[in-house]
file query.pdb (PDB, C-alpha atoms and all ligand atoms)
ATOM      1  CA  MET A   1     -10.149  -3.345  -0.723  1.00  0.00           C
ATOM      2  CA  SER A   2      -7.815  -1.698   1.726  1.00  0.00           C
ATOM      3  CA  ALA A   3      -4.205  -0.624   1.477  1.00  0.00           C
ATOM      4  CA  ALA A   4      -3.397  -3.871   3.252  1.00  0.00           C
ATOM      5  CA  SER A   5      -5.062  -6.109   0.682  1.00  0.00           C
ATOM      6  CA  ILE A   6      -2.914  -8.465  -1.339  1.00  0.00           C
ATOM      7  CA  LEU A   7      -3.538 -10.108  -4.686  1.00  0.00           C
ATOM      8  CA  ILE A   8      -1.792 -13.464  -5.029  1.00  0.00           C
ATOM      9  CA  VAL A   9      -1.291 -14.510  -8.640  1.00  0.00           C
ATOM     10  CA  GLU A  10      -0.143 -18.118  -8.528  1.00  0.00           C
ATOM     11  CA  ASP A  11      -1.250 -21.179 -10.487  1.00  0.00           C
ATOM     12  CA  GLU A  12       0.295 -23.794  -8.197  1.00  0.00           C
ATOM     13  CA  GLU A  13      -2.609 -24.621  -5.912  1.00  0.00           C
ATOM     14  CA  GLN A  14      -0.564 -25.801  -2.964  1.00  0.00           C
ATOM     15  CA  LEU A  15       1.636 -22.708  -2.943  1.00  0.00           C
ATOM     16  CA  GLN A  16      -1.385 -20.455  -3.422  1.00  0.00           C
ATOM     17  CA  ARG A  17      -3.090 -22.058  -0.399  1.00  0.00           C
ATOM     18  CA  MET A  18       0.052 -21.742   1.710  1.00  0.00           C
ATOM     19  CA  LEU A  19       0.484 -18.054   0.823  1.00  0.00           C
ATOM     20  CA  ARG A  20      -3.183 -17.314   1.377  1.00  0.00           C
ATOM     21  CA  SER A  21      -3.165 -18.895   4.797  1.00  0.00           C
ATOM     22  CA  ALA A  22       0.080 -17.207   5.931  1.00  0.00           C
ATOM     23  CA  LEU A  23      -0.988 -13.758   4.718  1.00  0.00           C
ATOM     24  CA  THR A  24      -4.511 -14.049   6.124  1.00  0.00           C
ATOM     25  CA  GLN A  25      -3.038 -15.006   9.484  1.00  0.00           C
ATOM     26  CA  ALA A  26      -0.778 -11.955   9.279  1.00  0.00           C
ATOM     27  CA  GLY A  27      -3.919  -9.811   9.038  1.00  0.00           C
ATOM     28  CA  TYR A  28      -3.989  -9.040   5.327  1.00  0.00           C
ATOM     29  CA  MET A  29      -7.058  -9.210   3.103  1.00  0.00           C
ATOM     30  CA  VAL A  30      -6.213 -11.763   0.444  1.00  0.00           C
ATOM     31  CA  VAL A  31      -7.589 -12.311  -3.054  1.00  0.00           C
ATOM     32  CA  THR A  32      -6.185 -14.992  -5.357  1.00  0.00           C
ATOM     33  CA  ALA A  33      -5.928 -15.402  -9.113  1.00  0.00           C
ATOM     34  CA  LYS A  34      -4.574 -18.449 -10.922  1.00  0.00           C
ATOM     35  CA  SER A  35      -4.032 -16.941 -14.363  1.00  0.00           C
ATOM     36  CA  GLY A  36      -2.870 -13.692 -15.914  1.00  0.00           C
ATOM     37  CA  LEU A  37      -6.354 -12.892 -17.147  1.00  0.00           C
ATOM     38  CA  GLU A  38      -7.896 -13.404 -13.704  1.00  0.00           C
ATOM     39  CA  ALA A  39      -5.192 -11.177 -12.245  1.00  0.00           C
ATOM     40  CA  LEU A  40      -5.945  -8.355 -14.700  1.00  0.00           C
ATOM     41  CA  GLU A  41      -9.692  -8.693 -14.034  1.00  0.00           C
ATOM     42  CA  GLN A  42      -9.034  -8.317 -10.303  1.00  0.00           C
ATOM     43  CA  LEU A  43      -6.770  -5.324 -10.860  1.00  0.00           C
ATOM     44  CA  VAL A  44      -9.473  -3.571 -12.883  1.00  0.00           C
ATOM     45  CA  ARG A  45     -12.091  -4.206 -10.181  1.00  0.00           C
ATOM     46  CA  ASN A  46     -10.119  -3.659  -6.976  1.00  0.00           C
ATOM     47  CA  GLU A  47      -7.274  -1.680  -5.509  1.00  0.00           C
ATOM     48  CA  PHE A  48      -4.525  -3.724  -3.897  1.00  0.00           C
ATOM     49  CA  GLY A  49      -1.730  -2.727  -1.572  1.00  0.00           C
ATOM     50  CA  VAL A  50       0.597  -5.205  -3.237  1.00  0.00           C
ATOM     51  CA  VAL A  51       0.478  -7.924  -5.897  1.00  0.00           C
ATOM     52  CA  LEU A  52       2.466 -11.157  -5.457  1.00  0.00           C
ATOM     53  CA  LEU A  53       3.087 -12.369  -8.972  1.00  0.00           C
ATOM     54  CA  ASP A  54       4.326 -15.710 -10.255  1.00  0.00           C
ATOM     55  CA  LEU A  55       6.009 -15.265 -13.652  1.00  0.00           C
ATOM     56  CA  GLY A  56       5.137 -18.737 -14.967  1.00  0.00           C
ATOM     57  CA  LEU A  57       1.376 -18.566 -15.485  1.00  0.00           C
ATOM     58  CA  PRO A  58      -0.647 -20.932 -17.682  1.00  0.00           C
ATOM     59  CA  ASP A  59      -2.138 -18.307 -20.016  1.00  0.00           C
ATOM     60  CA  MET A  60       0.486 -15.594 -20.247  1.00  0.00           C
ATOM     61  CA  ASP A  61       3.914 -14.617 -19.031  1.00  0.00           C
ATOM     62  CA  GLY A  62       3.821 -12.792 -15.714  1.00  0.00           C
ATOM     63  CA  LYS A  63       5.882 -10.032 -17.294  1.00  0.00           C
ATOM     64  CA  GLU A  64       2.979  -9.453 -19.703  1.00  0.00           C
ATOM     65  CA  VAL A  65       0.686  -9.056 -16.684  1.00  0.00           C
ATOM     66  CA  ILE A  66       2.975  -6.349 -15.284  1.00  0.00           C
ATOM     67  CA  ALA A  67       3.080  -4.552 -18.637  1.00  0.00           C
ATOM     68  CA  GLN A  68      -0.706  -4.580 -19.018  1.00  0.00           C
ATOM     69  CA  ALA A  69      -1.385  -3.747 -15.382  1.00  0.00           C
ATOM     70  CA  ARG A  70       0.530  -0.481 -15.585  1.00  0.00           C
ATOM     71  CA  SER A  71      -2.384   1.288 -17.256  1.00  0.00           C
ATOM     72  CA  ILE A  72      -5.011  -0.004 -14.803  1.00  0.00           C
ATOM     73  CA  SER A  73      -3.367  -0.231 -11.400  1.00  0.00           C
ATOM     74  CA  ARG A  74      -0.910   1.564  -9.143  1.00  0.00           C
ATOM     75  CA  ALA A  75      -0.309  -1.521  -7.002  1.00  0.00           C
ATOM     76  CA  PRO A  76       3.344  -2.464  -6.476  1.00  0.00           C
ATOM     77  CA  PHE A  77       4.341  -5.862  -7.893  1.00  0.00           C
ATOM     78  CA  LEU A  78       6.435  -8.287  -5.934  1.00  0.00           C
ATOM     79  CA  VAL A  79       7.547 -10.992  -8.317  1.00  0.00           C
ATOM     80  CA  VAL A  80       7.724 -14.449  -6.715  1.00  0.00           C
ATOM     81  CA  SER A  81       9.122 -16.886  -9.183  1.00  0.00           C
ATOM     82  CA  ALA A  82      11.217 -19.999  -9.602  1.00  0.00           C
ATOM     83  CA  ARG A  83      12.941 -18.417 -12.525  1.00  0.00           C
ATOM     84  CA  GLY A  84      16.024 -17.316 -10.728  1.00  0.00           C
ATOM     85  CA  SER A  85      17.914 -16.038 -13.732  1.00  0.00           C
ATOM     86  CA  GLU A  86      19.298 -12.546 -13.562  1.00  0.00           C
ATOM     87  CA  ARG A  87      17.774 -11.772 -16.999  1.00  0.00           C
ATOM     88  CA  GLU A  88      14.228 -12.613 -15.898  1.00  0.00           C
ATOM     89  CA  LYS A  89      14.667 -10.582 -12.776  1.00  0.00           C
ATOM     90  CA  ILE A  90      15.973  -7.505 -14.602  1.00  0.00           C
ATOM     91  CA  ALA A  91      13.251  -7.775 -17.266  1.00  0.00           C
ATOM     92  CA  ALA A  92      10.543  -7.886 -14.576  1.00  0.00           C
ATOM     93  CA  LEU A  93      12.054  -4.926 -12.718  1.00  0.00           C
ATOM     94  CA  ASP A  94      12.390  -2.994 -16.005  1.00  0.00           C
ATOM     95  CA  LEU A  95       8.691  -3.503 -16.628  1.00  0.00           C
ATOM     96  CA  GLY A  96       7.880  -1.940 -13.290  1.00  0.00           C
ATOM     97  CA  ALA A  97       7.989  -4.753 -10.756  1.00  0.00           C
ATOM     98  CA  ASN A  98       9.074  -3.340  -7.400  1.00  0.00           C
ATOM     99  CA  ASP A  99      10.915  -6.326  -6.068  1.00  0.00           C
ATOM    100  CA  TYR A 100      11.777  -9.947  -6.776  1.00  0.00           C
ATOM    101  CA  VAL A 101      11.816 -12.986  -4.522  1.00  0.00           C
ATOM    102  CA  ALA A 102      13.102 -16.322  -5.851  1.00  0.00           C
ATOM    103  CA  LYS A 103      11.347 -19.601  -5.011  1.00  0.00           C
ATOM    104  CA  PRO A 104      11.833 -21.361  -2.735  1.00  0.00           C
ATOM    105  CA  PHE A 105      11.576 -18.384  -0.422  1.00  0.00           C
ATOM    106  CA  ASP A 106      11.646 -17.886   3.296  1.00  0.00           C
ATOM    107  CA  MET A 107       8.219 -16.765   4.575  1.00  0.00           C
ATOM    108  CA  GLY A 108       9.767 -14.286   6.992  1.00  0.00           C
ATOM    109  CA  GLU A 109      11.701 -12.651   4.195  1.00  0.00           C
ATOM    110  CA  LEU A 110       8.626 -12.533   1.969  1.00  0.00           C
ATOM    111  CA  MET A 111       6.654 -10.846   4.783  1.00  0.00           C
ATOM    112  CA  ALA A 112       9.432  -8.271   5.175  1.00  0.00           C
ATOM    113  CA  ARG A 113       9.409  -7.519   1.440  1.00  0.00           C
ATOM    114  CA  ILE A 114       5.617  -7.176   1.550  1.00  0.00           C
ATOM    115  CA  ARG A 115       5.848  -4.667   4.395  1.00  0.00           C
ATOM    116  CA  VAL A 116       8.362  -2.648   2.390  1.00  0.00           C
ATOM    117  CA  ALA A 117       6.107  -2.764  -0.672  1.00  0.00           C
ATOM    118  CA  LEU A 118       3.172  -1.578   1.403  1.00  0.00           C
ATOM    119  CA  ARG A 119       5.347   1.169   2.866  1.00  0.00           C
ATOM    120  CA  ILE A 120       4.208   0.312   6.329  1.00  0.00           C
ATOM    121  CA  PRO A 121       6.247   2.457   8.686  1.00  0.00           C
ATOM    122  CA  GLN A 122       8.791   0.483  10.677  1.00  0.00           C
ATOM    123  CA  PRO A 123       8.109   0.148  14.423  1.00  0.00           C
ATOM    124  CA  ALA A 124      10.539   3.015  15.164  1.00  0.00           C
ATOM    125  CA  SER A 125       8.441   5.624  13.373  1.00  0.00           C
ATOM    126  CA  ALA A 126       5.199   4.154  14.689  1.00  0.00           C
ATOM    127  CA  SER A 127       6.380   4.517  18.269  1.00  0.00           C
ATOM    128  CA  LYS A 128       7.619   8.009  17.523  1.00  0.00           C
ATOM    129  CA  ALA A 129       4.127   8.943  16.378  1.00  0.00           C
ATOM    130  CA  ALA A 130       2.770   7.288  19.508  1.00  0.00           C
ATOM    131  CA  ALA A 131       4.879   9.656  21.593  1.00  0.00           C
ATOM    132  CA  GLY A 132       2.576  12.497  20.554  1.00  0.00           C
ATOM    133  CA  GLY A 133      -0.497  10.596  21.754  1.00  0.00           C
ATOM    134  CA  LEU A 134      -1.321   9.467  18.210  1.00  0.00           C
ATOM    135  CA  HIS A 135      -0.699   5.959  16.971  1.00  0.00           C
ATOM    136  CA  VAL A 136      -1.520   4.856  13.438  1.00  0.00           C
ATOM    137  CA  ASP A 137      -1.758   1.173  12.563  1.00  0.00           C
ATOM    138  CA  VAL A 138      -1.455   1.218   8.805  1.00  0.00           C
ATOM    139  CA  ALA A 139      -2.038  -2.498   8.264  1.00  0.00           C
ATOM    140  CA  VAL A 140      -5.489  -2.486   9.864  1.00  0.00           C
ATOM    141  CA  ARG A 141      -6.270   1.188   9.090  1.00  0.00           C
ATOM    142  CA  ARG A 142      -6.873   2.376  12.628  1.00  0.00           C
ATOM    143  CA  ALA A 143      -5.726   5.442  14.499  1.00  0.00           C
ATOM    144  CA  THR A 144      -5.584   5.543  18.272  1.00  0.00           C
ATOM    145  CA  VAL A 145      -5.649   8.878  20.072  1.00  0.00           C
ATOM    146  CA  ASP A 146      -5.255   8.894  23.835  1.00  0.00           C
ATOM    147  CA  GLY A 147      -6.466   5.282  23.925  1.00  0.00           C
ATOM    148  CA  ALA A 148      -9.573   5.856  21.747  1.00  0.00           C
ATOM    149  CA  SER A 149      -9.465   3.971  18.458  1.00  0.00           C
ATOM    150  CA  VAL A 150     -11.044   5.056  15.146  1.00  0.00           C
ATOM    151  CA  ARG A 151     -11.263   3.422  11.730  1.00  0.00           C
ATOM    152  CA  LEU A 152      -9.635   5.149   8.783  1.00  0.00           C
ATOM    153  CA  SER A 153     -10.373   5.005   5.065  1.00  0.00           C
ATOM    154  CA  ARG A 154      -7.576   3.980   2.699  1.00  0.00           C
ATOM    155  CA  LYS A 155      -6.771   7.575   1.724  1.00  0.00           C
ATOM    156  CA  GLU A 156      -6.947   8.771   5.329  1.00  0.00           C
ATOM    157  CA  THR A 157      -4.464   6.042   6.293  1.00  0.00           C
ATOM    158  CA  GLU A 158      -2.200   6.945   3.373  1.00  0.00           C
ATOM    159  CA  LEU A 159      -2.156  10.607   4.369  1.00  0.00           C
ATOM    160  CA  LEU A 160      -1.234   9.819   7.969  1.00  0.00           C
ATOM    161  CA  ALA A 161       1.400   7.250   6.912  1.00  0.00           C
ATOM    162  CA  LEU A 162       2.928   9.769   4.519  1.00  0.00           C
ATOM    163  CA  LEU A 163       3.101  12.449   7.220  1.00  0.00           C
ATOM    164  CA  MET A 164       4.454   9.975   9.775  1.00  0.00           C
ATOM    165  CA  ASP A 165       7.217   8.990   7.351  1.00  0.00           C
ATOM    166  CA  ALA A 166       8.127  12.689   7.074  1.00  0.00           C
ATOM    167  CA  ARG A 167       8.688  12.750  10.862  1.00  0.00           C
ATOM    168  CA  GLY A 168       7.242  16.172  11.498  1.00  0.00           C
ATOM    169  CA  GLU A 169       8.522  17.812   8.313  1.00  0.00           C
ATOM    170  CA  VAL A 170       6.037  19.556   5.994  1.00  0.00           C
ATOM    171  CA  VAL A 171       4.815  17.443   3.064  1.00  0.00           C
ATOM    172  CA  THR A 172       3.763  19.719   0.196  1.00  0.00           C
ATOM    173  CA  HIS A 173       0.302  19.625  -1.339  1.00  0.00           C
ATOM    174  CA  ASP A 174       1.799  18.400  -4.623  1.00  0.00           C
ATOM    175  CA  ALA A 175       3.685  15.582  -2.906  1.00  0.00           C
ATOM    176  CA  ILE A 176       0.522  14.527  -1.071  1.00  0.00           C
ATOM    177  CA  ILE A 177      -1.519  14.557  -4.281  1.00  0.00           C
ATOM    178  CA  GLU A 178       1.066  12.495  -6.150  1.00  0.00           C
ATOM    179  CA  ALA A 179       1.480   9.972  -3.337  1.00  0.00           C
ATOM    180  CA  ILE A 180      -2.231   9.429  -2.763  1.00  0.00           C
ATOM    181  CA  TRP A 181      -3.949  10.090  -6.092  1.00  0.00           C
ATOM    182  CA  GLY A 182      -1.019   9.345  -8.388  1.00  0.00           C
ATOM    183  CA  ARG A 183       0.712  11.247 -11.135  1.00  0.00           C
ATOM    184  CA  GLY A 184      -1.442  13.001 -13.740  1.00  0.00           C
ATOM    185  CA  THR A 185      -4.522  12.969 -11.519  1.00  0.00           C
ATOM    186  CA  GLU A 186      -7.297  15.552 -11.636  1.00  0.00           C
ATOM    187  CA  ALA A 187      -7.162  15.788  -7.841  1.00  0.00           C
ATOM    188  CA  ASP A 188      -5.954  19.127  -6.534  1.00  0.00           C
ATOM    189  CA  PHE A 189      -5.475  21.175  -3.380  1.00  0.00           C
ATOM    190  CA  MET A 190      -9.196  21.009  -2.568  1.00  0.00           C
ATOM    191  CA  ASN A 191      -9.102  17.205  -2.443  1.00  0.00           C
ATOM    192  CA  VAL A 192      -6.209  17.405   0.014  1.00  0.00           C
ATOM    193  CA  ARG A 193      -8.118  19.901   2.148  1.00  0.00           C
ATOM    194  CA  VAL A 194     -11.214  17.716   2.242  1.00  0.00           C
ATOM    195  CA  LEU A 195      -9.104  14.664   3.118  1.00  0.00           C
ATOM    196  CA  ALA A 196      -7.288  16.570   5.880  1.00  0.00           C
ATOM    197  CA  TRP A 197     -10.634  17.731   7.228  1.00  0.00           C
ATOM    198  CA  GLN A 198     -11.921  14.124   7.320  1.00  0.00           C
ATOM    199  CA  VAL A 199      -8.797  12.970   9.156  1.00  0.00           C
ATOM    200  CA  ARG A 200      -9.062  15.799  11.685  1.00  0.00           C
ATOM    201  CA  ARG A 201     -12.679  14.951  12.451  1.00  0.00           C
ATOM    202  CA  LYS A 202     -11.476  11.468  13.378  1.00  0.00           C
ATOM    203  CA  ILE A 203      -8.230  12.071  15.238  1.00  0.00           C
ATOM    204  CA  GLU A 204      -8.381  15.602  16.650  1.00  0.00           C
ATOM    205  CA  PRO A 205      -9.981  16.137  20.055  1.00  0.00           C
ATOM    206  CA  ASP A 206     -10.861  19.617  18.744  1.00  0.00           C
ATOM    207  CA  ALA A 207     -10.905  19.717  14.923  1.00  0.00           C
ATOM    208  CA  ALA A 208     -10.975  23.526  14.938  1.00  0.00           C
ATOM    209  CA  ALA A 209      -7.729  23.684  16.913  1.00  0.00           C
ATOM    210  CA  PRO A 210      -5.726  20.752  15.535  1.00  0.00           C
ATOM    211  CA  ARG A 211      -3.134  19.203  17.797  1.00  0.00           C
ATOM    212  CA  PHE A 212      -1.717  16.636  15.324  1.00  0.00           C
ATOM    213  CA  LEU A 213      -2.506  17.491  11.702  1.00  0.00           C
ATOM    214  CA  ILE A 214      -1.099  20.967  11.165  1.00  0.00           C
ATOM    215  CA  ALA A 215      -1.668  22.974   7.961  1.00  0.00           C
ATOM    216  CA  GLU A 216       1.203  25.168   6.802  1.00  0.00           C
ATOM    217  CA  ALA A 217      -0.585  27.811   4.731  1.00  0.00           C
ATOM    218  CA  GLY A 218       0.328  27.699   1.053  1.00  0.00           C
ATOM    219  CA  LEU A 219       2.758  24.821   1.648  1.00  0.00           C
ATOM    220  CA  GLY A 220       1.236  21.598   2.846  1.00  0.00           C
ATOM    221  CA  TYR A 221       0.707  19.586   5.992  1.00  0.00           C
ATOM    222  CA  ARG A 222       2.808  18.161   8.776  1.00  0.00           C
ATOM    223  CA  LEU A 223       2.206  16.026  11.827  1.00  0.00           C
ATOM    224  CA  SER A 224       2.989  17.554  15.170  1.00  0.00           C
ATOM    225  CA  LEU A 225       4.760  14.845  17.143  1.00  0.00           C
ATOM    226  CA  ASP A 226       5.430  16.838  20.309  1.00  0.00           C
TER     227      ASP A 226
HETATM  228 CA    CA B 301       3.585 -21.100 -12.012  1.00  0.00          CA
END

call {"tool": "encode", "arguments": {"input": "query.pdb", "output": "structure tokens", "more": "lines below"}}
Ligand code: CA
result
Amino acid sequence: MSAASILIVEDEEQLQRMLRSALTQAGYMVVTAKSGLEALEQLVRNEFGVVLLDLGLPDMDGKEVIAQARSISRAPFLVVSARGSEREKIAALDLGANDYVAKPFDMGELMARIRVALRIPQPASASKAAAGGLHVDVAVRRATVDGASVRLSRKETELLALLMDARGEVVTHDAIIEAIWGRGTEADFMNVRVLAWQVRRKIEPDAAAPRFLIAEAGLGYRLSLD
């Protein structure tokens, strides 16, 4: 599963089909679950970029899914539910949901919320990165350098997206580790080095003399956007 994969947890078949078709057309990998248990099974097995969660599920409350998912998944939850009450919304957000969209929703708005949840850089920062000869398409995990396109792994994409968001500023090793491996991970500086090395092999014309991915000794990494 890639960073752009989405788990749809929805028991209404018609709505599930509509969401699946719209999100697949938008280029996302889509997996569906129609109960809380199925959702948790998917979250154990796969990594998702975002989870669309209906609160009214046949076997358990969607809020219970969020509570249980916290220990098994880092995926952001976007609650999509008919329950428009402020209390439901606050309870879901308190449990760790990232955002809330009330049904009936506008598909354009839902897409926008999904992009935010996935932390896909807005077109402005993407074009800024393109100015340096490097363009990263986070949704499809590809980097293009001087017109040549390469595939990226999920972590490679996350590293480049993180550095692009920083717009040329240094991102510390600790910040990279927390953003990519999560809090309380065993990953350390060496993992970051190996990841940076993998990215350089893919995007740098000369990996020994990097033009884009610059190491700041003892500090972290930055992207050169000149
Ligand atoms: Ca439902």

call {"tool": "residues_around", "arguments": {"input": "query.pdb", "residues": "Thr157 (chain A)", "least_positions_apart": "4", "cutoff": "9 Å", "atoms": "all atoms listed in the file", "output": "ChimeraX atom specification"}}
result
/A:3,136-138,141-143,152-153,161-162,199

call {"tool": "residues_near_ligand", "arguments": {"input": "query.pdb", "ligand": "ligand CA 301 (chain B)", "cutoff": "12 Å", "atoms": "all atoms listed in the file", "output": "PyMOL selection string"}}
result
chain A and resi 8-16+33-36+52-62+79-83+103

call {"tool": "resolve_selection", "arguments": {"input": "query.pdb", "expression": "the PyMOL selection byres (((chain A and resi 90-102) around 10) and not hetatm)", "output": "number ranges by chain"}}
result
A: 50-55, 62-70, 75-89, 103-106, 109-110, 113-114, 116-117

call {"tool": "closest_residue", "arguments": {"input": "query.pdb", "among": "A:Met107, A:Leu163, A:Leu37, A:Leu7", "to": "Gly49 (chain A)", "atoms": "all atoms listed in the file"}}
result
A:Leu7

call {"tool": "residues_around", "arguments": {"input": "query.pdb", "residues": "region 180-188 of chain A", "least_positions_apart": "2", "cutoff": "10 Å", "atoms": "all atoms listed in the file", "output": "MDAnalysis selection string"}}
result
chainID A and resid 74 154:159 162 173:178 190:193

call {"tool": "residues_near_point", "arguments": {"input": "query.pdb", "point": "(0.8, 27.0, 3.0)", "cutoff": "12 Å", "atoms": "only C-alpha atoms", "output": "NGL selection string"}}
result
:A and (170-174 or 189 or 193 or 214-222)

call {"tool": "write_last_selection", "arguments": {"input": "query.pdb", "atoms": "C-alpha atoms", "output": "short mmCIF file (atom, residue, chain, number, x, y, z; two decimals), keeping the file's coordinate frame"}}
result
data_model
loop_
_atom_site.label_atom_id
_atom_site.label_comp_id
_atom_site.auth_asym_id
_atom_site.auth_seq_id
_atom_site.Cartn_x
_atom_site.Cartn_y
_atom_site.Cartn_z
CA VAL A 170 6.04 19.56 5.99
CA VAL A 171 4.82 17.44 3.06
CA THR A 172 3.76 19.72 0.20
CA HIS A 173 0.30 19.62 -1.34
CA ASP A 174 1.80 18.40 -4.62
CA PHE A 189 -5.48 21.18 -3.38
CA ARG A 193 -8.12 19.90 2.15
CA ILE A 214 -1.10 20.97 11.16
CA ALA A 215 -1.67 22.97 7.96
CA GLU A 216 1.20 25.17 6.80
CA ALA A 217 -0.58 27.81 4.73
CA GLY A 218 0.33 27.70 1.05
CA LEU A 219 2.76 24.82 1.65
CA GLY A 220 1.24 21.60 2.85
CA TYR A 221 0.71 19.59 5.99
CA ARG A 222 2.81 18.16 8.78
#

call {"tool": "atom_distance", "arguments": {"input": "query.pdb", "atom1": "CA of Thr24 (chain A)", "atom2": "CA of Leu118 (chain A)"}}
result
15.4 Å

call {"tool": "residues_around", "arguments": {"input": "query.pdb", "residues": "Ser224 (chain A)", "least_positions_apart": "5", "cutoff": "7 Å", "atoms": "all atoms listed in the file", "output": "PyMOL selection string"}}
result
chain A and resi 168+211-214

call {"tool": "closest_residue", "arguments": {"input": "query.pdb", "among": "A:Glu47, A:Asp226, A:Asp146, A:Asp165", "to": "Arg119 (chain A)", "atoms": "only C-alpha atoms"}}
result
A:Asp165

call {"tool": "closest_residue", "arguments": {"input": "query.pdb", "among": "A:Leu40, A:Val140, A:Ile72, A:Ala179", "to": "Ser5 (chain A)", "atoms": "all atoms listed in the file"}}
result
A:Val140

call {"tool": "atom_distance", "arguments": {"input": "query.pdb", "atom1": "CA of Val194 (chain A)", "atom2": "CA of Ser73 (chain A)"}}
result
23.9 Å

call {"tool": "closest_residue", "arguments": {"input": "query.pdb", "among": "A:Met29, A:Pro205, A:Ser71, A:Thr144", "to": "Val44 (chain A)", "atoms": "all atoms listed in the file"}}
result
A:Ser71

call {"tool": "decode", "arguments": {"input": "query.pdb", "residues": "region 49-60 of chain A", "atoms": "N, CA and C atoms", "output": "short mmCIF file (atom, residue, chain, number, x, y, z; two decimals), in the first residue's frame"}}
result
data_model
loop_
_atom_site.label_atom_id
_atom_site.label_comp_id
_atom_site.auth_asym_id
_atom_site.auth_seq_id
_atom_site.Cartn_x
_atom_site.Cartn_y
_atom_site.Cartn_z
N GLY A 49 -2.77 5.83 3.55
CA GLY A 49 -2.47 7.26 3.63
C GLY A 49 -3.57 8.01 4.37
N VAL A 50 -4.78 7.49 4.26
CA VAL A 50 -5.91 8.10 4.97
C VAL A 50 -7.05 7.08 5.08
N VAL A 51 -7.83 7.19 6.14
CA VAL A 51 -8.98 6.31 6.34
C VAL A 51 -10.24 7.18 6.35
N LEU A 52 -11.18 6.87 5.44
CA LEU A 52 -12.49 7.54 5.46
C LEU A 52 -13.40 6.67 6.30
N LEU A 53 -13.91 7.22 7.37
CA LEU A 53 -14.64 6.40 8.34
C LEU A 53 -16.05 6.88 8.59
N ASP A 54 -17.00 5.99 8.35
CA ASP A 54 -18.40 6.23 8.70
C ASP A 54 -18.56 5.89 10.19
N LEU A 55 -19.25 6.74 10.95
CA LEU A 55 -19.37 6.45 12.39
C LEU A 55 -20.44 5.40 12.68
N GLY A 56 -21.46 5.32 11.82
CA GLY A 56 -22.55 4.37 12.07
C GLY A 56 -22.32 3.06 11.36
N LEU A 57 -21.56 2.17 12.01
CA LEU A 57 -21.25 0.86 11.40
C LEU A 57 -22.10 -0.22 12.05
N PRO A 58 -22.34 -1.33 11.34
CA PRO A 58 -23.25 -2.34 11.88
C PRO A 58 -22.73 -3.04 13.15
N ASP A 59 -21.42 -3.23 13.26
CA ASP A 59 -20.91 -4.03 14.38
C ASP A 59 -20.34 -3.22 15.54
N MET A 60 -19.87 -2.02 15.26
CA MET A 60 -19.38 -1.19 16.35
C MET A 60 -19.43 0.27 15.96
#
